[in-house]
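Since the structure comes first, as structure tokens, the remarks are kept for the end.
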Amino acid sequence: MSEASHSPLTVLLRHRLAWPLITLFLLLAVNTVFNSSFLHIEWRDGHLYGSLIDILNRAAPLVLVSLGMTMVIATRGIDISVGAVVAIAAAVAAWMIGGSVAGSVSRFPMPLAILAALGIALLCGLWNGLLVARVGMQPIIATLILMVAGRGIAQLITGGQIITIYYTPFFFLGSGYLLGLPFSLFIVAGVFALLYLAVTRTALGLFIQAVGINPTAARVAGVQARRLVVAAYAFCGVCAGIAGLLISSNVKSADGNNAGQLLELDAILAVTLGGTALTGGRFSLVGSVIGALIIQALTYAIYSLGVPPEINLVVKAVVVFAVMLLQSPEFRAEIGIWMRRPAARGMRP
């Protein structure tokens, strides 16, 4: 084996987070080239202001959903209903808070509205988990049911209309600032820290890996595989509920038809970009966060470059496809073999 295969750069590039990080830095560099003030951050109106801060703030809902999706995918599942759960949670919160033009009246106390929205999101996750773990449905079919029905539920709650929220304290969740940073970042950091400690400082991470690699063997070994799967879907539902609160707070409204639309696809892309295996077992929470930032930075670049809206999804798909190829050891090995063949032919007498 050559010394080059053991060089620090080669070892670094083999790390599963290397290519996601490189992709993120390249996207930031592209944004900087086409927008000279992209990296500029200033203090304005009592908080930090700039494009980077805006990307972090707008990526917060996607990061939350991606963390929940990571746990589901790690157990060999998938949840394509998270966008609908986002819409349901937003609709519940908007309907309960309501508000007046004066901005000082709420139909129900805001803490109660938040708990109700998260409670409904938790029930949605439990429903998905029970269909998968207890009834035995395929994850994509079980969550497809809620994906379709959830939009209808959200529209029933909103009466088919966009509910505008006028209650000013609610706006702090998605557009408020604490210590100069968006408050949504503190929510994301809190969820990430709790989940990271749970999977690294307890046996939960090993149990999830065991269930994802071989559910039957995990059950034989004494792991409560079904309960773990239900818990993963329930956690994913709660994460989607929190994301729904942030989105509705940020836009000051709830739209049962469009809130969280295609968010499930972005979350799956973010999780896979971060190195989590769709076959279960191997997962990375940090990678999922990086993947979510890649999606948001790419979205920012597409809009800043003036790419026509009708092809922005194609551009996103091409970038994701390229990164996934670079992450594949088999693809990199094939490229290495292909590049060595001309050199070998040149050495022949």
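Each chain of the structure tokens is named A, B, ... in the order shown, its residues numbered from 1; ligands are numbered from 1 in display order.
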
- Query: So which residues touch segment 139-150 of chain A within 10 Å, counting only C-alpha atoms, skipping near sequence neighbours fewer than 2 positions away, as a PyMOL selection string?
  - Reply: chain A and resi 72-73+76-88+124-125+127-133+135-137+152-156+233+256-257+264

Keeping only N, CA, C and O atoms, take the residues you just selected and write them out as a tab-separated table (two decimals), in the first residue's frame.
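Saved as selection.tsv:
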```
chain	number	residue	atom	x	y	z
A	72	VAL	N	-35.27	8.54	12.78
A	72	VAL	CA	-36.17	7.62	12.07
A	72	VAL	C	-35.40	6.79	11.05
A	72	VAL	O	-35.54	5.56	10.98
A	73	ILE	N	-34.57	7.46	10.25
A	73	ILE	CA	-33.81	6.75	9.23
A	73	ILE	C	-32.81	5.79	9.86
A	73	ILE	O	-32.54	4.70	9.32
A	76	ARG	N	-34.02	2.34	10.26
A	76	ARG	CA	-34.47	1.75	9.00
A	76	ARG	C	-35.84	2.26	8.56
A	76	ARG	O	-36.55	1.58	7.83
A	77	GLY	N	-36.22	3.44	9.00
A	77	GLY	CA	-37.51	3.99	8.64
A	77	GLY	C	-37.39	5.20	7.74
A	77	GLY	O	-36.31	5.56	7.27
A	78	ILE	N	-38.51	5.84	7.49
A	78	ILE	CA	-38.58	7.08	6.72
A	78	ILE	C	-39.88	7.76	7.13
A	78	ILE	O	-40.85	7.09	7.47
A	79	ASP	N	-39.87	9.07	7.14
A	79	ASP	CA	-41.07	9.82	7.52
A	79	ASP	C	-41.30	10.93	6.50
A	79	ASP	O	-40.62	11.96	6.53
A	80	ILE	N	-42.23	10.69	5.59
A	80	ILE	CA	-42.53	11.69	4.56
A	80	ILE	C	-43.74	12.54	4.95
A	80	ILE	O	-44.27	13.28	4.12
A	81	SER	N	-44.13	12.45	6.22
A	81	SER	CA	-45.29	13.23	6.69
A	81	SER	C	-44.89	14.47	7.48
A	81	SER	O	-45.75	15.18	7.97
A	82	VAL	N	-43.58	14.72	7.63
A	82	VAL	CA	-43.14	15.81	8.50
A	82	VAL	C	-43.64	17.17	8.00
A	82	VAL	O	-43.94	18.06	8.79
A	83	GLY	N	-43.73	17.35	6.69
A	83	GLY	CA	-44.25	18.61	6.16
A	83	GLY	C	-45.70	18.83	6.58
A	83	GLY	O	-46.09	19.95	6.94
A	84	ALA	N	-46.50	17.77	6.54
A	84	ALA	CA	-47.89	17.87	6.97
A	84	ALA	C	-47.99	18.13	8.46
A	84	ALA	O	-48.85	18.90	8.92
A	85	VAL	N	-47.11	17.51	9.25
A	85	VAL	CA	-47.11	17.73	10.69
A	85	VAL	C	-46.73	19.18	11.00
A	85	VAL	O	-47.28	19.81	11.92
A	86	VAL	N	-45.80	19.73	10.24
A	86	VAL	CA	-45.46	21.15	10.37
A	86	VAL	C	-46.69	22.01	10.16
A	86	VAL	O	-46.96	22.95	10.93
A	87	ALA	N	-47.46	21.70	9.11
A	87	ALA	CA	-48.67	22.48	8.81
A	87	ALA	C	-49.71	22.33	9.92
A	87	ALA	O	-50.38	23.31	10.30
A	88	ILE	N	-49.87	21.11	10.47
A	88	ILE	CA	-50.85	20.89	11.53
A	88	ILE	C	-50.47	21.67	12.78
A	88	ILE	O	-51.31	22.35	13.39
A	124	CYS	N	-49.11	12.73	16.24
A	124	CYS	CA	-48.87	12.37	14.84
A	124	CYS	C	-47.67	11.42	14.73
A	124	CYS	O	-47.71	10.43	13.99
A	125	GLY	N	-46.61	11.73	15.46
A	125	GLY	CA	-45.44	10.86	15.44
A	125	GLY	C	-45.74	9.49	16.03
A	125	GLY	O	-45.29	8.46	15.51
A	127	TRP	N	-48.63	8.02	16.05
A	127	TRP	CA	-49.47	7.33	15.05
A	127	TRP	C	-48.59	6.65	14.00
A	127	TRP	O	-48.78	5.47	13.68
A	128	ASN	N	-47.63	7.39	13.47
A	128	ASN	CA	-46.72	6.81	12.48
A	128	ASN	C	-45.94	5.64	13.07
A	128	ASN	O	-45.80	4.58	12.44
A	129	GLY	N	-45.43	5.84	14.28
A	129	GLY	CA	-44.63	4.80	14.91
A	129	GLY	C	-45.41	3.53	15.18
A	129	GLY	O	-44.91	2.42	14.98
A	130	LEU	N	-46.65	3.68	15.62
A	130	LEU	CA	-47.48	2.50	15.89
A	130	LEU	C	-47.83	1.76	14.60
A	130	LEU	O	-47.86	0.51	14.59
A	131	LEU	N	-48.09	2.50	13.53
A	131	LEU	CA	-48.38	1.84	12.26
A	131	LEU	C	-47.17	1.04	11.77
A	131	LEU	O	-47.33	-0.05	11.20
A	132	VAL	N	-45.98	1.57	12.00
A	132	VAL	CA	-44.77	0.89	11.54
A	132	VAL	C	-44.39	-0.26	12.47
A	132	VAL	O	-44.16	-1.40	12.02
A	133	ALA	N	-44.33	0.02	13.78
A	133	ALA	CA	-43.80	-0.97	14.73
A	133	ALA	C	-44.83	-1.99	15.17
A	133	ALA	O	-44.48	-3.16	15.40
A	135	VAL	N	-48.38	-2.34	13.78
A	135	VAL	CA	-49.21	-2.87	12.71
A	135	VAL	C	-48.36	-3.56	11.65
A	135	VAL	O	-48.80	-4.51	11.00
A	136	GLY	N	-47.11	-3.11	11.50
A	136	GLY	CA	-46.20	-3.73	10.55
A	136	GLY	C	-46.24	-3.15	9.16
A	136	GLY	O	-45.78	-3.78	8.20
A	137	MET	N	-46.77	-1.93	9.01
A	137	MET	CA	-46.78	-1.28	7.69
A	137	MET	C	-45.38	-0.86	7.28
A	137	MET	O	-44.52	-0.60	8.13
A	152	GLY	N	-55.13	17.78	4.85
A	152	GLY	CA	-56.56	18.00	5.02
A	152	GLY	C	-56.92	18.41	6.43
A	152	GLY	O	-57.76	19.30	6.64
A	153	ILE	N	-56.26	17.80	7.43
A	153	ILE	CA	-56.50	18.17	8.82
A	153	ILE	C	-56.10	19.62	9.07
A	153	ILE	O	-56.84	20.38	9.72
A	154	ALA	N	-54.94	20.01	8.54
A	154	ALA	CA	-54.48	21.39	8.71
A	154	ALA	C	-55.45	22.38	8.08
A	154	ALA	O	-55.74	23.44	8.65
A	155	GLN	N	-55.98	22.03	6.92
A	155	GLN	CA	-56.92	22.93	6.25
A	155	GLN	C	-58.28	22.97	6.96
A	155	GLN	O	-58.96	23.99	6.94
A	156	LEU	N	-58.65	21.86	7.59
A	156	LEU	CA	-59.87	21.88	8.40
A	156	LEU	C	-59.71	22.82	9.59
A	156	LEU	O	-60.64	23.55	9.95
A	233	TYR	N	-40.15	7.85	15.90
A	233	TYR	CA	-41.18	8.56	15.12
A	233	TYR	C	-41.84	9.66	15.97
A	233	TYR	O	-42.18	10.73	15.45
A	256	GLY	N	-52.44	26.03	5.90
A	256	GLY	CA	-52.55	24.58	5.96
A	256	GLY	C	-52.16	23.89	4.68
A	256	GLY	O	-51.78	22.72	4.69
A	257	ASN	N	-52.22	24.59	3.57
A	257	ASN	CA	-51.93	23.97	2.27
A	257	ASN	C	-50.45	24.04	1.91
A	257	ASN	O	-49.92	23.11	1.29
A	264	GLU	N	-40.12	17.66	3.81
A	264	GLU	CA	-39.69	16.29	4.04
A	264	GLU	C	-38.59	15.87	3.07
A	264	GLU	O	-37.65	15.15	3.44
```

Give me the segment 12-96 of chain A side of the contact with segment 179-202 of chain A, cut-off 12 Å, one line per residue showing its nearest atom pair and distance in Å at one decimal, counting only C-alpha atoms, sorted by chain and residue number, as a tab-separated table.
```
residue	atom	partner	partner_atom	distance
A:Ile41	CA	A:Gly180	CA	11.5
A:Glu42	CA	A:Gly180	CA	10.4
A:Trp43	CA	A:Gly180	CA	8.0
A:Arg44	CA	A:Gly180	CA	9.2
A:Asp45	CA	A:Gly180	CA	9.3
A:Gly46	CA	A:Gly180	CA	6.4
A:His47	CA	A:Gly180	CA	3.8
A:Leu48	CA	A:Gly180	CA	5.3
A:Tyr49	CA	A:Leu181	CA	8.7
A:Gly50	CA	A:Leu181	CA	11.0
A:Leu52	CA	A:Leu181	CA	11.3
A:Ile53	CA	A:Leu181	CA	7.8
A:Asp54	CA	A:Pro182	CA	8.8
A:Ile55	CA	A:Pro182	CA	10.8
A:Leu56	CA	A:Leu185	CA	7.4
A:Asn57	CA	A:Pro182	CA	6.2
A:Arg58	CA	A:Ser184	CA	8.9
A:Ala59	CA	A:Leu185	CA	9.1
A:Ala60	CA	A:Ser184	CA	6.3
A:Pro61	CA	A:Val188	CA	8.2
A:Leu62	CA	A:Val188	CA	9.9
A:Val63	CA	A:Val188	CA	7.3
A:Leu64	CA	A:Val188	CA	6.3
A:Val65	CA	A:Val188	CA	10.1
A:Ser66	CA	A:Phe192	CA	10.6
A:Leu67	CA	A:Phe192	CA	7.5
A:Gly68	CA	A:Leu195	CA	9.5
A:Thr70	CA	A:Leu195	CA	10.8
A:Met71	CA	A:Leu195	CA	9.6
A:Ala74	CA	A:Val199	CA	11.7
```

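Of the residues listed (A:Ser253, A:Pro169, A:Met324, A:Ala297), A:Ala297 shows the shortest atom-to-atom separation from Leu26 of chain A; distances use only C-alpha atoms.
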
- Which parts of segment 70-314 of chain A does DSSP call alpha helix (DSSP H) when run on the backbone here, written out as a ChimeraX atom specification? /A:70-74,82-97,110-130,139-158,172-175,183-201,204-213,215-220,225-251,263-273,285-304,312-314

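Taking only C-alpha atoms into account, Leu305 of chain A lies nearest to A:Leu27 out of the set A:Val289, A:Leu21, A:Leu27, A:Ala317.
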
- Task: Record the distance separating atom CA of Gly212 of chain A and atom CA of Arg226 of chain A, expressed in Å with one decimal.
- Result: 11.6 Å

- Message: I'd like the neighbourhood of segment 243-248 of chain A as a count of residues only, where a residue qualifies if any of its atoms comes within 6 Å (using only C-alpha atoms), though same-chain residues fewer than 2 positions away should be ignored.
- Response: 13

- Query: as a PyMOL selection string, which residues of segment 50-228 of chain A does DSSP assign to strand (DSSP E)?
  - Reply: chain A and resi 50+163-164+177-178+181-182

Preceding selection exported with all heavy atoms as a compact mmCIF listing (two decimals), in the first residue's frame:
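Result written to out_1.txt:
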```
# COMPACT_ATOMS: atom_id res chain seq x y z
N GLY A 50 -26.85 40.11 8.97
CA GLY A 50 -26.04 39.76 7.82
C GLY A 50 -26.60 38.52 7.13
O GLY A 50 -27.50 37.85 7.63
N ILE A 163 -54.51 31.78 8.19
CA ILE A 163 -54.78 32.46 9.46
C ILE A 163 -53.63 33.41 9.76
O ILE A 163 -52.48 33.00 9.89
CB ILE A 163 -54.92 31.44 10.61
CG1 ILE A 163 -56.11 30.52 10.37
CG2 ILE A 163 -55.08 32.17 11.94
CD1 ILE A 163 -56.31 29.49 11.47
N THR A 164 -53.94 34.68 9.85
CA THR A 164 -52.93 35.68 10.19
C THR A 164 -52.86 35.84 11.71
O THR A 164 -53.89 35.91 12.38
CB THR A 164 -53.26 37.04 9.56
OG1 THR A 164 -53.37 36.88 8.14
CG2 THR A 164 -52.18 38.06 9.87
N TYR A 177 -34.74 37.85 18.96
CA TYR A 177 -33.29 37.74 19.16
C TYR A 177 -32.96 37.67 20.64
O TYR A 177 -33.62 38.31 21.46
CB TYR A 177 -32.56 38.94 18.52
CG TYR A 177 -32.59 38.93 17.02
CD1 TYR A 177 -33.67 39.47 16.33
CD2 TYR A 177 -31.55 38.37 16.29
CE1 TYR A 177 -33.71 39.45 14.93
CE2 TYR A 177 -31.58 38.35 14.89
CZ TYR A 177 -32.66 38.89 14.23
OH TYR A 177 -32.69 38.87 12.86
N LEU A 178 -31.96 36.87 20.95
CA LEU A 178 -31.47 36.73 22.32
C LEU A 178 -29.95 36.80 22.27
O LEU A 178 -29.30 36.06 21.52
CB LEU A 178 -31.92 35.41 22.92
CG LEU A 178 -31.46 35.11 24.36
CD1 LEU A 178 -32.05 36.13 25.32
CD2 LEU A 178 -31.85 33.69 24.76
N LEU A 181 -28.37 37.05 18.81
CA LEU A 181 -28.56 35.97 17.85
C LEU A 181 -30.03 35.62 17.75
O LEU A 181 -30.79 35.81 18.71
CB LEU A 181 -27.76 34.73 18.26
CG LEU A 181 -26.23 34.86 18.22
CD1 LEU A 181 -25.59 33.62 18.83
CD2 LEU A 181 -25.74 35.06 16.78
N PRO A 182 -30.47 35.07 16.61
CA PRO A 182 -31.87 34.65 16.49
C PRO A 182 -32.23 33.64 17.57
O PRO A 182 -31.48 32.70 17.84
CB PRO A 182 -31.93 34.02 15.09
CG PRO A 182 -30.82 34.67 14.33
CD PRO A 182 -29.73 34.90 15.33
```
